[in-house]
$ cat final31.pdb   # PDB, C-alpha atoms
MODEL        1
ATOM      1  CA  MET A  37      -7.965 -18.087 -17.595
ATOM      2  CA  GLU A  38      -5.685 -19.065 -14.720
ATOM      3  CA  SER A  39      -6.114 -15.744 -12.875
ATOM      4  CA  ALA A  40      -9.888 -16.006 -13.241
ATOM      5  CA  ALA A  41      -9.769 -19.465 -11.719
ATOM      6  CA  VAL A  42      -7.755 -18.145  -8.776
ATOM      7  CA  ARG A  43     -10.291 -15.387  -8.146
ATOM      8  CA  GLN A  44     -13.100 -17.940  -8.115
ATOM      9  CA  ARG A  45     -11.502 -20.131  -5.445
ATOM     10  CA  PRO A  46     -13.885 -20.671  -2.514
ATOM     11  CA  ARG A  47     -13.635 -18.260   0.368
ATOM     12  CA  VAL A  48     -12.864 -19.447   3.856
ATOM     13  CA  GLU A  49     -16.045 -19.547   5.911
ATOM     14  CA  GLY A  50     -17.052 -17.012   8.527
ATOM     15  CA  GLY A  51     -14.455 -14.680   9.981
ATOM     16  CA  ARG A  52     -11.619 -17.160   9.465
ATOM     17  CA  GLU A  53     -10.546 -15.592   6.184
ATOM     18  CA  GLU A  54      -9.997 -12.210   7.820
ATOM     19  CA  GLU A  55      -8.076 -13.901  10.639
ATOM     20  CA  ILE A  56      -5.835 -15.662   8.107
ATOM     21  CA  LEU A  57      -5.245 -12.427   6.187
ATOM     22  CA  ASP A  58      -4.370 -10.544   9.366
ATOM     23  CA  ALA A  59      -2.017 -13.345  10.406
ATOM     24  CA  THR A  60      -0.362 -13.158   6.984
ATOM     25  CA  VAL A  61       0.214  -9.414   7.325
ATOM     26  CA  ALA A  62       1.776  -9.958  10.757
ATOM     27  CA  VAL A  63       4.065 -12.711   9.450
ATOM     28  CA  VAL A  64       5.178 -10.565   6.494
ATOM     29  CA  ALA A  65       5.964  -7.712   8.876
ATOM     30  CA  GLU A  66       7.941 -10.032  11.146
ATOM     31  CA  LEU A  67       9.745 -12.317   8.688
ATOM     32  CA  GLY A  68       9.574 -10.602   5.302
ATOM     33  CA  TYR A  69       8.241 -12.161   2.124
ATOM     34  CA  ASP A  70      11.197 -14.435   1.379
ATOM     35  CA  ARG A  71      11.104 -16.208   4.754
ATOM     36  CA  LEU A  72       7.310 -16.398   4.902
ATOM     37  CA  THR A  73       5.911 -19.883   4.360
ATOM     38  CA  MET A  74       2.397 -21.275   4.223
ATOM     39  CA  ASP A  75       3.319 -23.290   7.328
ATOM     40  CA  ALA A  76       4.223 -20.107   9.222
ATOM     41  CA  VAL A  77       0.945 -18.454   8.274
ATOM     42  CA  ALA A  78      -1.047 -21.588   9.136
ATOM     43  CA  THR A  79       0.601 -21.689  12.567
ATOM     44  CA  ALA A  80       0.013 -17.974  13.206
ATOM     45  CA  ALA A  81      -3.619 -18.233  12.080
ATOM     46  CA  LYS A  82      -4.208 -21.564  13.838
ATOM     47  CA  ALA A  83      -5.421 -22.976  10.533
ATOM     48  CA  SER A  84      -4.440 -25.977   8.437
ATOM     49  CA  LYS A  85      -2.151 -25.548   5.461
ATOM     50  CA  ALA A  86      -4.794 -27.339   3.377
ATOM     51  CA  THR A  87      -7.272 -24.564   4.236
ATOM     52  CA  LEU A  88      -4.829 -21.972   2.933
ATOM     53  CA  TYR A  89      -4.142 -23.829  -0.311
ATOM     54  CA  ARG A  90      -7.843 -24.323  -0.997
ATOM     55  CA  ARG A  91      -8.214 -20.538  -1.074
ATOM     56  CA  TRP A  92      -4.788 -19.305  -2.239
ATOM     57  CA  SER A  93      -2.754 -21.357  -4.689
ATOM     58  CA  THR A  94       0.525 -19.469  -4.171
ATOM     59  CA  LYS A  95       2.343 -17.510  -1.502
ATOM     60  CA  ALA A  96       2.227 -14.378  -3.685
ATOM     61  CA  ASP A  97      -1.539 -14.752  -4.040
ATOM     62  CA  LEU A  98      -2.033 -15.006  -0.288
ATOM     63  CA  VAL A  99       0.312 -12.154   0.608
ATOM     64  CA  VAL A 100      -1.076  -9.655  -1.891
ATOM     65  CA  ASP A 101      -4.641 -10.557  -0.917
ATOM     66  CA  ALA A 102      -3.683 -10.044   2.722
ATOM     67  CA  ILE A 103      -2.010  -6.655   2.370
ATOM     68  CA  SER A 104      -4.754  -5.430   0.029
ATOM     69  CA  ARG A 105      -7.682  -6.346   2.266
ATOM     70  CA  ALA A 106      -6.597  -6.937   5.840
ATOM     71  CA  LYS A 107      -7.273  -4.266   8.428
ATOM     72  CA  GLY A 108      -3.542  -3.880   9.088
ATOM     73  CA  CYS A 109      -3.115  -2.060   5.757
ATOM     74  CA  PRO A 110      -6.315  -0.123   5.128
ATOM     75  CA  LEU A 111      -6.877   1.779   1.918
ATOM     76  CA  PRO A 112      -6.552   5.493   2.732
ATOM     77  CA  GLU A 113      -9.925   7.169   2.695
ATOM     78  CA  ASP A 114     -10.706   9.585  -0.119
ATOM     79  CA  VAL A 115     -11.369  12.556   2.157
ATOM     80  CA  ASP A 116     -12.112  15.878   0.503
ATOM     81  CA  THR A 117     -10.957  18.551   2.960
ATOM     82  CA  GLY A 118     -11.196  21.366   0.422
ATOM     83  CA  SER A 119      -7.459  21.801  -0.096
ATOM     84  CA  LEU A 120      -4.563  19.802  -1.487
ATOM     85  CA  ARG A 121      -2.611  20.241   1.740
ATOM     86  CA  GLY A 122      -5.518  19.064   3.877
ATOM     87  CA  ASP A 123      -6.141  16.029   1.689
ATOM     88  CA  LEU A 124      -2.474  14.987   1.702
ATOM     89  CA  VAL A 125      -2.151  15.422   5.470
ATOM     90  CA  SER A 126      -5.335  13.440   6.053
ATOM     91  CA  MET A 127      -4.234  10.596   3.787
ATOM     92  CA  SER A 128      -0.605  10.457   4.886
ATOM     93  CA  CYS A 129      -0.875  10.936   8.641
ATOM     94  CA  GLY A 130      -4.123   9.085   9.284
ATOM     95  CA  ASN A 131      -5.021   5.424   9.594
ATOM     96  CA  GLY A 132      -3.143   3.461   6.934
ATOM     97  CA  GLY A 133      -0.855   6.413   6.207
ATOM     98  CA  PHE A 134       2.922   6.580   6.242
ATOM     99  CA  THR A 135       3.129   6.898  10.026
ATOM    100  CA  ASP A 136       1.157   3.690  10.557
ATOM    101  CA  GLU A 137       3.778   1.196  11.713
ATOM    102  CA  MET A 138       2.146  -1.898  10.240
ATOM    103  CA  PRO A 139       1.924  -0.802   6.580
ATOM    104  CA  MET A 140       5.504   0.487   6.561
ATOM    105  CA  SER A 141       6.854  -2.708   8.142
ATOM    106  CA  VAL A 142       4.870  -4.771   5.661
ATOM    107  CA  ILE A 143       6.266  -2.861   2.690
ATOM    108  CA  ALA A 144       9.756  -3.292   4.147
ATOM    109  CA  GLY A 145       9.111  -7.031   4.207
ATOM    110  CA  LEU A 146       8.187  -7.024   0.512
ATOM    111  CA  VAL A 147      10.515  -4.477  -1.046
ATOM    112  CA  THR A 148      13.410  -6.781  -1.946
ATOM    113  CA  ALA A 149      11.195  -9.610  -3.176
ATOM    114  CA  LEU A 150       9.287  -7.264  -5.489
ATOM    115  CA  HIS A 151      12.382  -6.937  -7.664
ATOM    116  CA  ARG A 152      12.898 -10.694  -7.995
ATOM    117  CA  ASP A 153       9.422 -12.181  -8.135
ATOM    118  CA  PRO A 154       7.447 -11.107 -11.249
ATOM    119  CA  ASP A 155       4.231 -12.748 -10.014
ATOM    120  CA  LEU A 156       4.422 -10.883  -6.726
ATOM    121  CA  GLN A 157       5.287  -7.636  -8.512
ATOM    122  CA  LYS A 158       2.352  -7.931 -10.919
ATOM    123  CA  ALA A 159      -0.162  -8.789  -8.201
ATOM    124  CA  PHE A 160       1.202  -6.063  -5.901
ATOM    125  CA  GLN A 161       0.924  -3.403  -8.579
ATOM    126  CA  GLU A 162      -2.565  -4.416  -9.710
ATOM    127  CA  ARG A 163      -4.236  -5.191  -6.388
ATOM    128  CA  PHE A 164      -2.365  -3.109  -3.814
ATOM    129  CA  LEU A 165      -0.840  -0.094  -5.566
ATOM    130  CA  ALA A 166      -3.479   0.620  -8.201
ATOM    131  CA  PRO A 167      -6.398   1.322  -5.796
ATOM    132  CA  ARG A 168      -4.163   3.562  -3.652
ATOM    133  CA  MET A 169      -2.884   5.432  -6.688
ATOM    134  CA  GLN A 170      -6.479   5.969  -7.771
ATOM    135  CA  VAL A 171      -7.278   7.657  -4.454
ATOM    136  CA  THR A 172      -4.176   9.848  -4.800
ATOM    137  CA  ARG A 173      -5.061  10.695  -8.395
ATOM    138  CA  LYS A 174      -8.478  11.967  -7.289
ATOM    139  CA  VAL A 175      -6.831  14.220  -4.708
ATOM    140  CA  TYR A 176      -4.642  15.855  -7.341
ATOM    141  CA  GLU A 177      -7.476  16.071  -9.885
ATOM    142  CA  ARG A 178      -9.557  17.989  -7.355
ATOM    143  CA  ALA A 179      -6.589  20.258  -6.690
ATOM    144  CA  VAL A 180      -6.296  20.959 -10.416
ATOM    145  CA  GLY A 181     -10.020  21.782 -10.498
ATOM    146  CA  ARG A 182      -9.625  24.210  -7.581
ATOM    147  CA  GLY A 183      -6.735  25.946  -9.311
ATOM    148  CA  GLU A 184      -4.182  24.864  -6.698
ATOM    149  CA  ILE A 185      -1.897  23.344  -9.322
ATOM    150  CA  GLY A 186      -0.290  25.641 -11.842
ATOM    151  CA  PRO A 187      -0.410  25.227 -15.610
ATOM    152  CA  GLY A 188       2.343  23.068 -17.041
ATOM    153  CA  VAL A 189       2.935  21.197 -13.757
ATOM    154  CA  ASP A 190       3.550  17.466 -14.271
ATOM    155  CA  VAL A 191       0.709  16.237 -12.059
ATOM    156  CA  GLU A 192       1.502  12.560 -12.580
ATOM    157  CA  LEU A 193       5.075  13.047 -11.394
ATOM    158  CA  LEU A 194       3.970  15.313  -8.561
ATOM    159  CA  SER A 195       1.486  12.715  -7.302
ATOM    160  CA  VAL A 196       4.216  10.133  -6.625
ATOM    161  CA  THR A 197       6.720  12.556  -5.090
ATOM    162  CA  LEU A 198       5.460  12.411  -1.494
ATOM    163  CA  PRO A 199       5.466   8.590  -1.216
ATOM    164  CA  ALA A 200       8.806   8.434  -3.050
ATOM    165  CA  LEU A 201      10.462  10.791  -0.559
ATOM    166  CA  ILE A 202       8.954   9.030   2.453
ATOM    167  CA  VAL A 203      10.045   5.608   1.166
ATOM    168  CA  HIS A 204      13.541   7.001   0.487
ATOM    169  CA  HIS A 205      13.816   8.312   4.035
ATOM    170  CA  ALA A 206      12.469   5.091   5.524
ATOM    171  CA  TYR A 207      14.399   2.468   3.564
ATOM    172  CA  ILE A 208      17.505   4.262   2.275
ATOM    173  CA  LEU A 209      18.253   6.758   5.039
ATOM    174  CA  GLY A 210      16.690   4.736   7.855
ATOM    175  CA  VAL A 211      14.574   7.680   9.040
ATOM    176  CA  PRO A 212      11.161   6.530  10.326
ATOM    177  CA  PRO A 213       8.196   8.442   8.872
ATOM    178  CA  THR A 214       6.791  11.027  11.265
ATOM    179  CA  ASP A 215       4.044  13.611  10.979
ATOM    180  CA  ASP A 216       6.747  16.300  11.060
ATOM    181  CA  LEU A 217       8.620  14.766   8.116
ATOM    182  CA  ILE A 218       5.417  14.399   6.108
ATOM    183  CA  LEU A 219       4.452  18.028   6.763
ATOM    184  CA  ARG A 220       7.932  19.212   5.778
ATOM    185  CA  VAL A 221       7.702  17.374   2.466
ATOM    186  CA  ILE A 222       4.192  18.683   1.794
ATOM    187  CA  ASP A 223       4.981  22.288   2.704
ATOM    188  CA  ASN A 224       8.499  22.553   1.267
ATOM    189  CA  VAL A 225       8.308  20.280  -1.779
ATOM    190  CA  ILE A 226       4.788  19.357  -2.891
ATOM    191  CA  LEU A 227       2.956  22.659  -2.502
ATOM    192  CA  PRO A 228       5.703  24.854  -4.046
ATOM    193  CA  ALA A 229       6.024  22.384  -6.924
ATOM    194  CA  ALA A 230       2.235  22.366  -7.352
ATOM    195  CA  ARG A 231       2.182  26.149  -7.762
ATOM    196  CA  GLY A 232       4.819  25.922 -10.464
ATOM    197  CA  SER A 233       5.593  29.333 -11.927
ATOM    198  CA  GLN A 234       2.433  30.835 -10.391
ATOM    199  CA  THR A 235       2.894  33.646  -7.920
ATOM    200  CA  SER A 236       1.546  32.766  -4.500
TER
ENDMDL
END

$ encode --input "final31.pdb" --output "structure tokens"
Amino acid sequence: MESAAVRQRPRVEGGREEEILDATVAVVAELGYDRLTMDAVATAAKASKATLYRRWSTKADLVVDAISRAKGCPLPEDVDTGSLRGDLVSMSCGNGGFTDEMPMSVIAGLVTALHRDPDLQKAFQERFLAPRMQVTRKVYERAVGRGEIGPGVDVELLSVTLPALIVHHAYILGVPPTDDLILRVIDNVILPAARGSQTS
């Protein structure tokens, strides 16, 4: 009941809501989730704190709404290029992909808080991750249909391997994502694993 009530909160009029969401994304990227406050977002968006609370009852609610919908973190397009490699390159290197500075800096601002804040984690998984995983799932399902993925290959595990390796490089090794790194992972890890025991 409570989540339904949150979804039914009145929207901010005109283009102000988008401006607030974009300001939120920028503040998360700059300060991280833990240091973000409604006051900081209100200042960045040139809005009143009361306006924010009328629309978003919690910081987690505002942040997840912002990163899910604001133009700084677009949902990768479901582009069918005709091959698994083409689809992965298009999704990963294009707008909203791993080389887009804003999404990666935003995720960096959230990564530690996701482990400590169950409300943020739940909202992030349902409203940010789930739609992106659905796009990725379609890419791999098409690849299965085209015969690009061998029998017995764990498609679910394979589908999370590319983002896992990029995130590891970015946040554990401190290596910024580049087109070259993404292509290396696709060509040397994903595609060979997709073929499985098939002969090429």

$ residues_around --input "final31.pdb" --residues "range 77-84 of chain A" --least-positions-apart "6" --cutoff "9 Å" --atoms "all atoms listed in the file" --output "PyMOL selection string"
chain A and resi 52+55-60+62-63

$ closest_atom_pairs --input "final31.pdb" --of "range 65-96 of chain A" --to "range 137-148 of chain A" --cutoff "7 Å" --atoms "all atoms listed in the file" --output "JSON lines"
{"residue": "A:Ala65", "atom": "CA", "partner": "A:Val142", "partner_atom": "CA", "distance": 4.5}
{"residue": "A:Leu67", "atom": "CA", "partner": "A:Gly145", "partner_atom": "CA", "distance": 7.0}
{"residue": "A:Gly68", "atom": "CA", "partner": "A:Gly145", "partner_atom": "CA", "distance": 3.8}
{"residue": "A:Tyr69", "atom": "CA", "partner": "A:Leu146", "partner_atom": "CA", "distance": 5.4}

$ residues_around --input "final31.pdb" --residues "Leu124 in chain A" --least-positions-apart "6" --cutoff "12 Å" --atoms "only C-alpha atoms" --output "MDAnalysis selection string"
chainID A and resid 112:118 130 133:134 171:176 178:179 195:199 215 218:223 226:227

$ write_last_selection --input "final31.pdb" --atoms "C-alpha atoms" --output "mmCIF file, in the coordinates of the input"
data_model
loop_
_atom_site.group_PDB
_atom_site.id
_atom_site.type_symbol
_atom_site.label_atom_id
_atom_site.label_comp_id
_atom_site.auth_asym_id
_atom_site.auth_seq_id
_atom_site.Cartn_x
_atom_site.Cartn_y
_atom_site.Cartn_z
ATOM 1 C CA PRO A 112 -6.552 5.493 2.732
ATOM 2 C CA GLU A 113 -9.925 7.169 2.695
ATOM 3 C CA ASP A 114 -10.706 9.585 -0.119
ATOM 4 C CA VAL A 115 -11.369 12.556 2.157
ATOM 5 C CA ASP A 116 -12.112 15.878 0.503
ATOM 6 C CA THR A 117 -10.957 18.551 2.960
ATOM 7 C CA GLY A 118 -11.196 21.366 0.422
ATOM 8 C CA GLY A 130 -4.123 9.085 9.284
ATOM 9 C CA GLY A 133 -0.855 6.413 6.207
ATOM 10 C CA PHE A 134 2.922 6.580 6.242
ATOM 11 C CA VAL A 171 -7.278 7.657 -4.454
ATOM 12 C CA THR A 172 -4.176 9.848 -4.800
ATOM 13 C CA ARG A 173 -5.061 10.695 -8.395
ATOM 14 C CA LYS A 174 -8.478 11.967 -7.289
ATOM 15 C CA VAL A 175 -6.831 14.220 -4.708
ATOM 16 C CA TYR A 176 -4.642 15.855 -7.341
ATOM 17 C CA ARG A 178 -9.557 17.989 -7.355
ATOM 18 C CA ALA A 179 -6.589 20.258 -6.690
ATOM 19 C CA SER A 195 1.486 12.715 -7.302
ATOM 20 C CA VAL A 196 4.216 10.133 -6.625
ATOM 21 C CA THR A 197 6.720 12.556 -5.090
ATOM 22 C CA LEU A 198 5.460 12.411 -1.494
ATOM 23 C CA PRO A 199 5.466 8.590 -1.216
ATOM 24 C CA ASP A 215 4.044 13.611 10.979
ATOM 25 C CA ILE A 218 5.417 14.399 6.108
ATOM 26 C CA LEU A 219 4.452 18.028 6.763
ATOM 27 C CA ARG A 220 7.932 19.212 5.778
ATOM 28 C CA VAL A 221 7.702 17.374 2.466
ATOM 29 C CA ILE A 222 4.192 18.683 1.794
ATOM 30 C CA ASP A 223 4.981 22.288 2.704
ATOM 31 C CA ILE A 226 4.788 19.357 -2.891
ATOM 32 C CA LEU A 227 2.956 22.659 -2.502
#

$ atom_distance --input "final31.pdb" --atom1 "CA of Cys129 in chain A" --atom2 "CA of Val100 in chain A"
23.1 Å

$ resolve_selection --input "final31.pdb" --expression "the PyMOL selection byres ((chain A and resi 202) around 10)" --output "ChimeraX atom specification"
/A:128,134-135,197-201,203-209,211-214,217-218,221

$ closest_residue --input "final31.pdb" --among "A:Leu120, A:Ile185, A:Met127, A:Cys109" --to "Phe164 in chain A" --atoms "only C-alpha atoms"
A:Cys109

$ atom_distance --input "final31.pdb" --atom1 "CA of Met74 in chain A" --atom2 "CA of Leu88 in chain A"
7.4 Å

$ atom_distance --input "final31.pdb" --atom1 "CA of Asp190 in chain A" --atom2 "CA of Arg168 in chain A"
19.1 Å

$ resolve_selection --input "final31.pdb" --expression "the PyMOL selection byres ((chain A and resi 99) around 9)" --output "PyMOL selection string"
chain A and resi 57+60-61+64+69+94-98+100-104+156+160
